[in-house]
>>> print(open('input-v9.txt').read())   # compact mmCIF, C-alpha atoms and all ligand atoms
# COMPACT_ATOMS: atom_id res chain seq x y z
CA MET A 1 80.47 58.39 -241.35
CA THR A 2 78.73 57.41 -244.61
CA LYS A 3 80.62 58.76 -247.61
CA ILE A 4 78.84 60.94 -250.16
CA ARG A 5 78.47 58.66 -253.19
CA THR A 6 75.15 59.82 -254.62
CA ALA A 7 74.13 63.10 -256.24
CA VAL A 8 70.74 64.40 -257.29
CA PHE A 9 70.30 66.71 -260.30
CA PRO A 10 66.83 68.26 -260.46
CA VAL A 11 66.20 68.99 -264.14
CA ALA A 12 62.40 69.09 -264.29
CA GLY A 13 61.88 72.88 -264.12
CA LEU A 14 60.14 74.71 -266.97
CA GLY A 15 62.89 77.27 -267.53
CA THR A 16 60.41 80.06 -268.16
CA ARG A 17 63.08 82.75 -267.77
CA PHE A 18 64.75 81.39 -270.87
CA LEU A 19 61.81 81.17 -273.25
CA PRO A 20 61.57 80.72 -276.17
CA ALA A 21 64.88 78.79 -276.13
CA THR A 22 63.43 76.36 -273.58
CA LYS A 23 60.13 75.75 -275.35
CA ALA A 24 61.26 72.38 -276.73
CA MET A 25 64.81 72.11 -275.36
CA PRO A 26 65.76 71.70 -271.69
CA LYS A 27 67.70 74.68 -270.35
CA GLU A 28 70.24 72.19 -268.95
CA MET A 29 71.19 71.37 -272.58
CA LEU A 30 72.03 74.97 -273.51
CA THR A 31 75.71 75.04 -274.39
CA VAL A 32 78.40 77.03 -272.66
CA VAL A 33 81.20 77.22 -275.26
CA ASP A 34 80.85 73.64 -276.57
CA LYS A 35 79.36 71.61 -273.72
CA PRO A 36 75.82 71.47 -272.35
CA VAL A 37 75.49 73.15 -268.96
CA ILE A 38 74.52 69.82 -267.34
CA GLN A 39 77.83 68.26 -268.44
CA TYR A 40 79.87 70.79 -266.42
CA VAL A 41 77.85 70.02 -263.30
CA VAL A 42 78.06 66.24 -263.75
CA ASP A 43 81.85 66.59 -264.21
CA GLU A 44 82.02 68.58 -260.95
CA ALA A 45 80.14 65.79 -259.15
CA ARG A 46 82.36 63.09 -260.64
CA GLU A 47 85.46 64.98 -259.49
CA ALA A 48 83.98 64.99 -255.95
CA GLY A 49 83.83 61.17 -255.94
CA ILE A 50 80.15 60.74 -256.83
CA GLU A 51 79.36 57.28 -258.22
CA HIS A 52 75.56 57.35 -258.56
CA PHE A 53 73.97 60.20 -260.52
CA ILE A 54 70.21 60.66 -260.13
CA PHE A 55 68.36 62.91 -262.57
CA VAL A 56 64.87 64.10 -261.71
CA THR A 57 63.47 64.81 -265.15
CA GLY A 58 60.16 65.90 -266.63
CA ARG A 59 58.49 66.18 -270.02
CA ASN A 60 60.72 67.31 -272.92
CA LYS A 61 63.85 66.26 -271.03
CA THR A 62 64.66 62.89 -272.62
CA VAL A 63 67.49 64.48 -274.59
CA ILE A 64 69.40 64.74 -271.29
CA ALA A 65 69.37 60.93 -270.95
CA ASP A 66 70.40 60.64 -274.62
CA HIS A 67 73.34 62.97 -274.02
CA PHE A 68 74.75 60.56 -271.44
CA ASP A 69 74.22 57.47 -273.63
CA VAL A 70 76.26 55.83 -276.39
CA GLN A 71 75.45 57.37 -279.82
CA PHE A 72 76.27 54.32 -281.89
CA GLU A 73 76.05 55.82 -285.42
CA LEU A 74 78.00 58.91 -284.43
CA GLU A 75 80.77 56.87 -282.81
CA ALA A 76 80.98 54.50 -285.81
CA THR A 77 81.25 57.46 -288.20
CA LEU A 78 83.93 59.19 -286.11
CA SER A 79 85.85 55.93 -285.97
CA GLU A 80 85.61 55.39 -289.76
CA ARG A 81 86.87 58.93 -290.37
CA GLY A 82 89.78 58.48 -287.95
CA LYS A 83 88.55 61.29 -285.65
CA THR A 84 90.07 59.66 -282.58
CA ALA A 85 90.37 62.80 -280.42
CA GLU A 86 86.64 63.54 -280.78
CA LEU A 87 85.80 59.88 -280.16
CA ASP A 88 87.97 59.72 -277.03
CA ALA A 89 86.36 62.91 -275.70
CA LEU A 90 82.85 61.47 -276.19
CA ARG A 91 83.78 58.22 -274.49
CA ALA A 92 85.45 59.96 -271.54
CA ASP A 93 82.14 61.69 -270.76
CA LEU A 94 80.16 58.44 -270.67
CA PRO A 95 79.02 57.02 -267.34
CA LYS A 96 79.74 53.41 -266.47
CA PRO A 97 76.73 51.10 -266.89
CA GLY A 98 74.26 51.52 -264.03
CA GLN A 99 75.77 54.72 -262.67
CA TYR A 100 72.90 56.92 -263.89
CA SER A 101 69.29 56.74 -262.71
CA PHE A 102 66.34 58.74 -264.00
CA THR A 103 63.10 59.43 -262.23
CA ARG A 104 60.24 61.75 -263.17
CA GLN A 105 58.65 64.72 -261.53
CA GLN A 106 55.33 64.70 -263.42
CA GLU A 107 54.45 68.26 -262.41
CA PRO A 108 56.93 71.03 -261.64
CA LEU A 109 55.74 71.64 -258.08
CA GLY A 110 59.00 73.18 -256.93
CA LEU A 111 62.63 72.30 -256.18
CA GLY A 112 61.71 70.68 -252.84
CA HIS A 113 59.24 68.41 -254.61
CA ALA A 114 61.80 67.50 -257.28
CA VAL A 115 64.28 66.42 -254.60
CA TRP A 116 61.57 64.39 -252.84
CA CYS A 117 60.91 62.52 -256.12
CA ALA A 118 64.37 60.94 -255.69
CA ARG A 119 63.63 59.55 -252.20
CA HIS A 120 63.45 55.86 -253.20
CA LEU A 121 66.78 56.11 -254.99
CA ILE A 122 68.46 57.84 -252.03
CA ASN A 123 67.25 55.38 -249.36
CA ASP A 124 68.87 56.21 -246.04
CA ASN A 125 72.04 57.77 -247.35
CA PRO A 126 73.30 61.35 -247.22
CA PHE A 127 73.50 62.81 -250.72
CA ALA A 128 74.77 65.74 -252.72
CA LEU A 129 72.37 68.02 -254.54
CA LEU A 130 73.57 70.13 -257.44
CA LEU A 131 71.41 72.73 -259.17
CA PRO A 132 72.31 72.07 -262.79
CA ASP A 133 71.81 75.62 -264.00
CA MET A 134 74.39 77.01 -261.56
CA LEU A 135 77.92 76.84 -262.93
CA MET A 136 80.54 77.27 -260.21
CA PRO A 137 84.00 77.24 -261.81
CA TRP A 138 86.84 76.65 -259.34
CA GLU A 139 89.67 74.19 -258.78
CA PRO A 140 89.14 71.93 -256.98
CA GLY A 141 85.41 72.04 -257.71
CA CYS A 142 82.90 73.40 -255.20
CA LEU A 143 81.38 70.00 -254.40
CA ALA A 144 84.82 68.37 -253.93
CA GLN A 145 85.63 71.03 -251.33
CA MET A 146 82.30 70.52 -249.60
CA VAL A 147 82.90 66.76 -249.47
CA ASP A 148 86.28 67.44 -247.80
CA MET A 149 84.56 69.70 -245.28
CA TYR A 150 81.86 67.07 -244.68
CA GLU A 151 84.50 64.57 -243.64
CA GLN A 152 85.31 66.93 -240.72
CA THR A 153 81.83 68.18 -239.83
CA GLY A 154 79.19 65.65 -240.97
CA GLY A 155 75.67 67.11 -240.88
CA ASN A 156 74.32 69.20 -243.74
CA ILE A 157 76.40 71.64 -245.78
CA ILE A 158 75.27 74.38 -248.16
CA SER A 159 77.42 76.50 -250.44
CA VAL A 160 77.01 80.24 -249.98
CA GLU A 161 78.25 83.29 -251.78
CA GLU A 162 78.07 87.06 -251.29
CA VAL A 163 75.45 89.12 -253.05
CA GLU A 164 74.78 92.88 -253.03
CA LYS A 165 72.61 93.78 -250.04
CA ASP A 166 69.79 95.12 -252.24
CA GLN A 167 69.64 91.76 -254.10
CA VAL A 168 69.04 89.52 -251.06
CA CYS A 169 65.28 89.49 -251.77
CA LYS A 170 65.93 87.19 -254.76
CA TYR A 171 67.63 84.40 -252.80
CA GLY A 172 67.67 82.11 -249.76
CA ILE A 173 69.92 83.87 -247.22
CA VAL A 174 71.78 82.36 -244.23
CA GLY A 175 72.78 83.73 -240.84
CA VAL A 176 76.42 83.21 -239.81
CA GLY A 177 77.23 81.45 -236.50
CA GLU A 178 80.61 80.31 -235.14
CA ASP A 179 83.48 79.22 -237.41
CA VAL A 180 83.68 75.48 -238.06
CA GLY A 181 86.67 74.19 -240.06
CA ASP A 182 86.70 76.05 -243.38
CA GLY A 183 83.12 77.19 -242.94
CA PHE A 184 80.64 78.26 -240.29
CA ARG A 185 77.56 77.07 -238.45
CA VAL A 186 74.39 78.32 -240.09
CA ASN A 187 72.23 79.83 -237.34
CA SER A 188 69.29 80.94 -239.47
CA MET A 189 67.91 80.65 -243.00
CA ILE A 190 65.33 82.82 -244.65
CA GLU A 191 63.87 82.63 -248.16
CA LYS A 192 63.86 85.89 -250.17
CA PRO A 193 64.02 88.37 -247.24
CA LYS A 194 63.68 92.14 -247.47
CA PRO A 195 67.17 93.72 -247.10
CA GLU A 196 66.38 94.97 -243.56
CA ALA A 197 65.32 91.43 -242.49
CA ALA A 198 68.31 89.61 -244.02
CA PRO A 199 70.71 88.13 -241.43
CA SER A 200 73.66 88.51 -243.87
CA ASN A 201 74.35 88.98 -247.56
CA LEU A 202 75.29 85.30 -248.09
CA PHE A 203 72.96 83.47 -250.46
CA ILE A 204 72.47 79.73 -250.90
CA SER A 205 74.17 79.21 -254.22
CA GLY A 206 73.38 75.78 -255.60
CA ARG A 207 75.40 72.97 -253.99
CA TYR A 208 74.22 71.01 -250.97
CA ILE A 209 75.13 67.96 -248.91
CA LEU A 210 71.97 66.77 -247.19
CA GLN A 211 71.03 64.09 -244.70
CA PRO A 212 68.23 61.73 -245.80
CA GLU A 213 65.88 63.06 -243.04
CA ILE A 214 65.14 65.98 -245.39
CA MET A 215 62.96 63.61 -247.44
CA GLU A 216 60.49 63.07 -244.62
CA LEU A 217 60.08 66.83 -244.20
CA LEU A 218 59.66 67.35 -247.94
CA GLY A 219 57.04 64.59 -247.88
CA SER A 220 54.64 66.86 -245.98
CA HIS A 221 54.27 68.78 -249.27
CA GLU A 222 53.89 72.13 -247.56
CA ARG A 223 53.64 74.95 -250.07
CA GLY A 224 55.85 78.01 -249.64
CA ALA A 225 56.87 81.01 -251.76
CA GLY A 226 55.28 81.00 -255.24
CA ASN A 227 52.94 78.20 -254.03
CA GLU A 228 55.83 75.77 -254.67
CA ILE A 229 57.25 73.09 -252.38
CA GLN A 230 60.42 74.86 -251.35
CA LEU A 231 63.64 73.10 -250.35
CA THR A 232 64.66 76.01 -248.10
CA ASP A 233 61.50 75.62 -246.00
CA ALA A 234 62.34 71.96 -245.31
CA MET A 235 65.98 72.88 -244.55
CA ILE A 236 64.79 75.49 -242.03
CA ARG A 237 62.78 72.79 -240.25
CA LEU A 238 65.61 70.24 -240.39
CA SER A 239 68.11 72.78 -239.03
CA LYS A 240 66.20 72.75 -235.72
CA GLU A 241 67.23 69.09 -235.25
CA VAL A 242 70.58 68.65 -237.04
CA PRO A 243 73.35 71.14 -237.73
CA PHE A 244 73.76 72.97 -241.02
CA TYR A 245 77.11 74.42 -242.05
CA GLY A 246 77.90 77.04 -244.65
CA TYR A 247 80.75 76.62 -247.13
CA ARG A 248 81.88 79.98 -248.55
CA PHE A 249 82.47 79.32 -252.25
CA PRO A 250 85.60 81.31 -253.08
CA GLY A 251 84.76 81.83 -256.77
CA ARG A 252 81.76 83.35 -258.47
CA SER A 253 78.85 81.36 -259.74
CA PHE A 254 76.92 81.86 -262.96
CA ASP A 255 73.16 81.38 -263.02
CA CYS A 256 72.66 79.86 -266.45
CA GLY A 257 68.91 79.84 -265.91
CA SER A 258 68.98 83.60 -266.53
CA LYS A 259 69.90 85.08 -269.89
CA THR A 260 72.60 87.42 -268.60
CA GLY A 261 74.11 84.76 -266.32
CA PHE A 262 74.27 82.34 -269.23
CA LEU A 263 75.91 84.89 -271.53
CA ALA A 264 78.43 85.84 -268.82
CA ALA A 265 79.25 82.13 -268.33
CA ASN A 266 80.00 81.76 -272.04
CA VAL A 267 82.40 84.70 -271.97
CA TYR A 268 84.06 83.48 -268.75
CA TYR A 269 84.59 79.91 -269.97
CA ALA A 270 85.65 80.93 -273.49
CA LEU A 271 88.32 83.27 -272.07
CA ARG A 272 89.74 80.33 -270.10
CA ARG A 273 89.98 77.98 -273.07
CA PRO A 274 93.50 78.13 -274.57
CA ASP A 275 92.21 76.93 -277.97
CA ILE A 276 89.63 79.72 -278.21
CA GLU A 277 90.82 82.56 -275.99
CA PRO A 278 93.15 84.58 -278.29
CA GLU A 279 90.74 84.80 -281.22
CA PHE A 280 87.68 85.23 -278.99
CA ARG A 281 89.29 88.06 -276.99
CA GLU A 282 89.97 89.97 -280.20
CA ILE A 283 86.42 89.47 -281.47
CA LEU A 284 85.02 90.52 -278.09
CA LYS A 285 87.01 93.77 -278.22
CA THR A 286 85.56 94.66 -281.59
CA VAL A 287 82.03 93.78 -280.47
CA ILE A 288 82.27 95.91 -277.33
P1 LIG B 1 64.51 77.31 -261.08
O1 LIG B 1 64.17 78.08 -259.88
O2 LIG B 1 65.60 77.86 -261.94
O3 LIG B 1 63.17 77.06 -261.90
O4 LIG B 1 64.89 75.86 -260.60
P2 LIG B 1 62.93 76.67 -263.41
O5 LIG B 1 61.51 76.29 -263.54
O6 LIG B 1 63.91 75.66 -263.90
O7 LIG B 1 63.23 78.02 -264.24
P3 LIG B 1 62.39 79.38 -264.36
O8 LIG B 1 62.51 80.07 -263.02
O9 LIG B 1 60.98 79.04 -264.74
O10 LIG B 1 63.11 80.10 -265.45
C1 LIG B 1 66.15 75.50 -260.07
C2 LIG B 1 66.44 74.05 -260.43
O11 LIG B 1 65.43 73.21 -259.91
C3 LIG B 1 64.81 72.45 -260.94
C4 LIG B 1 65.10 73.21 -262.23
O12 LIG B 1 65.12 72.32 -263.34
C5 LIG B 1 66.44 73.84 -261.94
O13 LIG B 1 67.50 72.97 -262.25
N1 LIG B 1 63.37 72.34 -260.67
C6 LIG B 1 62.65 73.42 -260.32
C7 LIG B 1 62.76 71.11 -260.80
O14 LIG B 1 63.40 70.09 -261.13
N2 LIG B 1 61.42 71.01 -260.55
C8 LIG B 1 60.67 72.08 -260.19
O15 LIG B 1 59.44 71.92 -259.97
C9 LIG B 1 61.31 73.32 -260.08
>>> encode(input="input-v9.txt", output="structure tokens", more="lines below")
Ligand code: UTP
Amino acid sequence: MTKIRTAVFPVAGLGTRFLPATKAMPKEMLTVVDKPVIQYVVDEAREAGIEHFIFVTGRNKTVIADHFDVQFELEATLSERGKTAELDALRADLPKPGQYSFTRQQEPLGLGHAVWCARHLINDNPFALLLPDMLMPWEPGCLAQMVDMYEQTGGNIISVEEVEKDQVCKYGIVGVGEDVGDGFRVNSMIEKPKPEAAPSNLFISGRYILQPEIMELLGSHERGAGNEIQLTDAMIRLSKEVPFYGYRFPGRSFDCGSKTGFLAANVYYALRRPDIEPEFREILKTVI
């Protein structure tokens, strides 16, 4: 079985839910505590053994590439001032030469289209897909657990999580088949169903392991919900030919593309940082 060595990060969306913050700055660069959201997701991928990181970017997103590059003047200044801890932290986050690739989605035609833009970098290999605005704190990380599961099952794997029944209409929802290893066989998928039509309350939460055949299906450029090229539509078609499995993420994810999700993520991560937690908890009490 081919190991999962490559991950795709679609970062070309407009981030309209987060305007005006995202007018000139990518939402993936918003900071949770003291790191951009994208850094958490890249770290999760690295922990899962990913060696090639593919970013599908768009206009106004070049700062993402800069974030993962050497900042020569900054490093020289930190070095001169003897700030070795800060310097070491910056260097630890840097990719090795050639590990990062960037391609463009010229128009934001949907998540499915963004993934398709990476087809020539994927070639014929299975790959991981991480939605960079979904933070999924857990140890070991969500993708690392999915990679473990993949070694038993092969096929395609999607992370799922419970949502209130009256919220299913906001998400892609899966139907639950027989147990397989730590997960289950997905027997149906439906994008944004009405509660009475939903096969479960498990939503597709932002981490995927996909077989390269998905690219051919995405290449048909069929429009779905919101007149966008939807990944879920292509997965529904692919699931008729090759199995899909669901991995139940045991934690809770934070949608940092929404204002409340982003704020909740900041509180969650700050309360788990030993250097910040005591003072922050006290401040939070007085604010509330
Ligand atoms: P979202 O559904 O959050 O869309 O995309 P968005 O455009 O970023 O944000 P809103 O809804 O307008 O606020 C999920 C992920 O897919 C990427 C986004 O960058 C985000 O990481 N995406 C979405 C693309 O790369 N291209 C697209 O055309 C759409």
>>> axis_aligned_box(input="input-v9.txt", around="ligand LIG 1 (chain B)", padding_each_side="8 Å", output="JSON")
{"center_x": 63.5, "center_y": 75.1, "center_z": -262.7, "size_x": 24.1, "size_y": 26.0, "size_z": 21.6}
>>> residues_near_ligand(input="input-v9.txt", ligand="ligand LIG 1 (chain B)", cutoff="7 Å", atoms="all atoms listed in the file", output="PDB file with C-alpha atoms, in the coordinates of the input")
ATOM      1  CA  PRO A  10      66.830  68.260-260.460  1.00  0.00           C
ATOM      2  CA  VAL A  11      66.200  68.990-264.140  1.00  0.00           C
ATOM      3  CA  ALA A  12      62.400  69.090-264.290  1.00  0.00           C
ATOM      4  CA  GLY A  13      61.880  72.880-264.120  1.00  0.00           C
ATOM      5  CA  LEU A  14      60.140  74.710-266.970  1.00  0.00           C
ATOM      6  CA  GLY A  15      62.890  77.270-267.530  1.00  0.00           C
ATOM      7  CA  THR A  16      60.410  80.060-268.160  1.00  0.00           C
ATOM      8  CA  ARG A  17      63.080  82.750-267.770  1.00  0.00           C
ATOM      9  CA  PHE A  18      64.750  81.390-270.870  1.00  0.00           C
ATOM     10  CA  VAL A  56      64.870  64.100-261.710  1.00  0.00           C
ATOM     11  CA  THR A  57      63.470  64.810-265.150  1.00  0.00           C
ATOM     12  CA  GLN A 105      58.650  64.720-261.530  1.00  0.00           C
ATOM     13  CA  GLU A 107      54.450  68.260-262.410  1.00  0.00           C
ATOM     14  CA  PRO A 108      56.930  71.030-261.640  1.00  0.00           C
ATOM     15  CA  LEU A 109      55.740  71.640-258.080  1.00  0.00           C
ATOM     16  CA  GLY A 110      59.000  73.180-256.930  1.00  0.00           C
ATOM     17  CA  LEU A 111      62.630  72.300-256.180  1.00  0.00           C
ATOM     18  CA  HIS A 113      59.240  68.410-254.610  1.00  0.00           C
ATOM     19  CA  ALA A 114      61.800  67.500-257.280  1.00  0.00           C
ATOM     20  CA  LEU A 131      71.410  72.730-259.170  1.00  0.00           C
ATOM     21  CA  PRO A 132      72.310  72.070-262.790  1.00  0.00           C
ATOM     22  CA  ASP A 133      71.810  75.620-264.000  1.00  0.00           C
ATOM     23  CA  GLY A 257      68.910  79.840-265.910  1.00  0.00           C
ATOM     24  CA  SER A 258      68.980  83.600-266.530  1.00  0.00           C
TER      25      SER A 258
END
>>> residues_around(input="input-v9.txt", residues="A:Gly251", least_positions_apart="2", cutoff="8 Å", atoms="all atoms listed in the file", output="ChimeraX atom specification")
/A:136-138,249,253
>>> closest_residue(input="input-v9.txt", among="A:Thr77, A:Ala118, A:Gln71, A:Thr232", to="A:Arg91", atoms="only C-alpha atoms")
A:Gln71
>>> atom_distance(input="input-v9.txt", atom1="atom CA of A:Leu238", atom2="atom CA of A:Ile157")
12.1 Å
>>> closest_residue(input="input-v9.txt", among="A:Lys35, A:Lys240, A:Leu90, A:Tyr100", to="A:Phe72", atoms="only C-alpha atoms")
A:Leu90
>>> atom_distance(input="input-v9.txt", atom1="atom CA of A:Tyr247", atom2="atom CA of A:Leu130")
14.1 Å
>>> atom_distance(input="input-v9.txt", atom1="atom CA of A:Ala7", atom2="atom CA of A:Gln167")
29.1 Å
>>> closest_residue(input="input-v9.txt", among="A:Ile204, A:Cys142, A:Val186, A:Ile50", to="A:Pro250", atoms="all atoms listed in the file")
A:Cys142
>>> residues_around(input="input-v9.txt", residues="stretch 192-196 of chain A", least_positions_apart="4", cutoff="6 Å", atoms="all atoms listed in the file", output="list in words")
Asp166, Cys169, Lys170, Tyr171 and Gly172 of chain A
>>> closest_residue(input="input-v9.txt", among="A:Leu271, A:Leu284, A:Val41, A:Cys117", to="A:Glu216", atoms="all atoms listed in the file")
A:Cys117
>>> closest_residue(input="input-v9.txt", among="A:Val168, A:Val115, A:Leu135, A:Ala198", to="A:Gly219", atoms="only C-alpha atoms")
A:Val115
>>> residues_around(input="input-v9.txt", residues="A:Asn187", least_positions_apart="2", cutoff="9 Å", atoms="only C-alpha atoms", output="MDAnalysis selection string")
chainID A and resid 174:178 185 189 239 243:245
>>> closest_residue(input="input-v9.txt", among="A:Leu143, A:Met1, A:Ile64, A:Leu231", to="A:Val37", atoms="only C-alpha atoms")
A:Ile64
>>> residues_near_point(input="input-v9.txt", point="(62.9, 78.9, -245.5)", cutoff="7 Å", atoms="all atoms listed in the file", output="PyMOL selection string")
chain A and resi 189-191+232-236
>>> decode(input="input-v9.txt", residues="stretch 12-40 of chain A", atoms="N, CA and C atoms", output="PDB file, in the first residue's frame")
ATOM      1  N   ALA A  12      -7.438  29.035  -0.795  1.00  0.00           N
ATOM      2  CA  ALA A  12      -7.777  30.059  -1.791  1.00  0.00           C
ATOM      3  C   ALA A  12      -9.157  30.680  -1.583  1.00  0.00           C
ATOM      4  N   GLY A  13      -9.855  30.257  -0.523  1.00  0.00           N
ATOM      5  CA  GLY A  13     -11.214  30.788  -0.290  1.00  0.00           C
ATOM      6  C   GLY A  13     -11.178  32.274   0.055  1.00  0.00           C
ATOM      7  N   LEU A  14     -12.320  32.927  -0.079  1.00  0.00           N
ATOM      8  CA  LEU A  14     -12.399  34.379   0.148  1.00  0.00           C
ATOM      9  C   LEU A  14     -12.564  34.734   1.622  1.00  0.00           C
ATOM     10  N   GLY A  15     -13.040  33.797   2.416  1.00  0.00           N
ATOM     11  CA  GLY A  15     -13.220  34.075   3.845  1.00  0.00           C
ATOM     12  C   GLY A  15     -14.241  35.167   4.116  1.00  0.00           C
ATOM     13  N   THR A  16     -15.349  35.128   3.386  1.00  0.00           N
ATOM     14  CA  THR A  16     -16.330  36.218   3.508  1.00  0.00           C
ATOM     15  C   THR A  16     -16.982  36.275   4.886  1.00  0.00           C
ATOM     16  N   ARG A  17     -17.019  35.117   5.583  1.00  0.00           N
ATOM     17  CA  ARG A  17     -17.649  35.137   6.918  1.00  0.00           C
ATOM     18  C   ARG A  17     -16.812  35.925   7.917  1.00  0.00           C
ATOM     19  N   PHE A  18     -15.571  36.209   7.541  1.00  0.00           N
ATOM     20  CA  PHE A  18     -14.685  36.869   8.496  1.00  0.00           C
ATOM     21  C   PHE A  18     -14.296  38.273   8.049  1.00  0.00           C
ATOM     22  N   LEU A  19     -15.089  38.842   7.155  1.00  0.00           N
ATOM     23  CA  LEU A  19     -14.812  40.237   6.770  1.00  0.00           C
ATOM     24  C   LEU A  19     -15.139  41.166   7.928  1.00  0.00           C
ATOM     25  N   PRO A  20     -14.486  42.303   8.118  1.00  0.00           N
ATOM     26  CA  PRO A  20     -13.455  42.836   7.243  1.00  0.00           C
ATOM     27  C   PRO A  20     -12.043  42.319   7.526  1.00  0.00           C
ATOM     28  N   ALA A  21     -11.875  41.430   8.537  1.00  0.00           N
ATOM     29  CA  ALA A  21     -10.512  40.981   8.858  1.00  0.00           C
ATOM     30  C   ALA A  21      -9.817  40.373   7.649  1.00  0.00           C
ATOM     31  N   THR A  22     -10.609  39.719   6.776  1.00  0.00           N
ATOM     32  CA  THR A  22     -10.005  38.983   5.662  1.00  0.00           C
ATOM     33  C   THR A  22      -9.970  39.779   4.356  1.00  0.00           C
ATOM     34  N   LYS A  23     -10.191  41.096   4.469  1.00  0.00           N
ATOM     35  CA  LYS A  23     -10.174  41.914   3.252  1.00  0.00           C
ATOM     36  C   LYS A  23      -8.785  41.862   2.597  1.00  0.00           C
ATOM     37  N   ALA A  24      -7.743  42.044   3.391  1.00  0.00           N
ATOM     38  CA  ALA A  24      -6.387  42.044   2.831  1.00  0.00           C
ATOM     39  C   ALA A  24      -5.524  40.937   3.423  1.00  0.00           C
ATOM     40  N   MET A  25      -6.056  40.239   4.444  1.00  0.00           N
ATOM     41  CA  MET A  25      -5.240  39.199   5.093  1.00  0.00           C
ATOM     42  C   MET A  25      -5.950  37.849   4.970  1.00  0.00           C
ATOM     43  N   PRO A  26      -5.213  36.784   4.601  1.00  0.00           N
ATOM     44  CA  PRO A  26      -5.868  35.483   4.509  1.00  0.00           C
ATOM     45  C   PRO A  26      -6.381  35.034   5.873  1.00  0.00           C
ATOM     46  N   LYS A  27      -7.550  34.396   5.898  1.00  0.00           N
ATOM     47  CA  LYS A  27      -8.068  33.948   7.195  1.00  0.00           C
ATOM     48  C   LYS A  27      -7.157  32.891   7.824  1.00  0.00           C
ATOM     49  N   GLU A  28      -6.398  32.191   6.981  1.00  0.00           N
ATOM     50  CA  GLU A  28      -5.485  31.155   7.497  1.00  0.00           C
ATOM     51  C   GLU A  28      -4.345  31.758   8.315  1.00  0.00           C
ATOM     52  N   MET A  29      -4.132  33.102   8.173  1.00  0.00           N
ATOM     53  CA  MET A  29      -3.072  33.766   8.940  1.00  0.00           C
ATOM     54  C   MET A  29      -3.589  34.420  10.219  1.00  0.00           C
ATOM     55  N   LEU A  30      -4.889  34.320  10.486  1.00  0.00           N
ATOM     56  CA  LEU A  30      -5.398  34.822  11.773  1.00  0.00           C
ATOM     57  C   LEU A  30      -4.723  34.021  12.878  1.00  0.00           C
ATOM     58  N   THR A  31      -4.419  34.680  13.983  1.00  0.00           N
ATOM     59  CA  THR A  31      -3.650  33.957  15.007  1.00  0.00           C
ATOM     60  C   THR A  31      -4.530  33.402  16.122  1.00  0.00           C
ATOM     61  N   VAL A  32      -4.270  32.177  16.465  1.00  0.00           N
ATOM     62  CA  VAL A  32      -4.865  31.561  17.655  1.00  0.00           C
ATOM     63  C   VAL A  32      -3.745  31.549  18.697  1.00  0.00           C
ATOM     64  N   VAL A  33      -3.936  32.304  19.751  1.00  0.00           N
ATOM     65  CA  VAL A  33      -2.935  32.617  20.780  1.00  0.00           C
ATOM     66  C   VAL A  33      -1.754  33.343  20.115  1.00  0.00           C
ATOM     67  N   ASP A  34      -0.725  32.612  19.669  1.00  0.00           N
ATOM     68  CA  ASP A  34       0.405  33.315  19.050  1.00  0.00           C
ATOM     69  C   ASP A  34       0.907  32.657  17.770  1.00  0.00           C
ATOM     70  N   LYS A  35       0.045  31.804  17.190  1.00  0.00           N
ATOM     71  CA  LYS A  35       0.449  31.141  15.930  1.00  0.00           C
ATOM     72  C   LYS A  35      -0.656  31.294  14.906  1.00  0.00           C
ATOM     73  N   PRO A  36      -0.309  31.481  13.625  1.00  0.00           N
ATOM     74  CA  PRO A  36      -1.366  31.504  12.610  1.00  0.00           C
ATOM     75  C   PRO A  36      -2.065  30.149  12.553  1.00  0.00           C
ATOM     76  N   VAL A  37      -3.364  30.194  12.247  1.00  0.00           N
ATOM     77  CA  VAL A  37      -4.160  28.968  12.185  1.00  0.00           C
ATOM     78  C   VAL A  37      -3.487  27.916  11.290  1.00  0.00           C
ATOM     79  N   ILE A  38      -2.954  28.357  10.143  1.00  0.00           N
ATOM     80  CA  ILE A  38      -2.363  27.411   9.184  1.00  0.00           C
ATOM     81  C   ILE A  38      -1.183  26.639   9.803  1.00  0.00           C
ATOM     82  N   GLN A  39      -0.468  27.291  10.733  1.00  0.00           N
ATOM     83  CA  GLN A  39       0.688  26.626  11.342  1.00  0.00           C
ATOM     84  C   GLN A  39       0.265  25.395  12.172  1.00  0.00           C
ATOM     85  N   TYR A  40      -0.863  25.515  12.876  1.00  0.00           N
ATOM     86  CA  TYR A  40      -1.354  24.366  13.661  1.00  0.00           C
ATOM     87  C   TYR A  40      -1.645  23.173  12.744  1.00  0.00           C
TER      88      TYR A  40
END
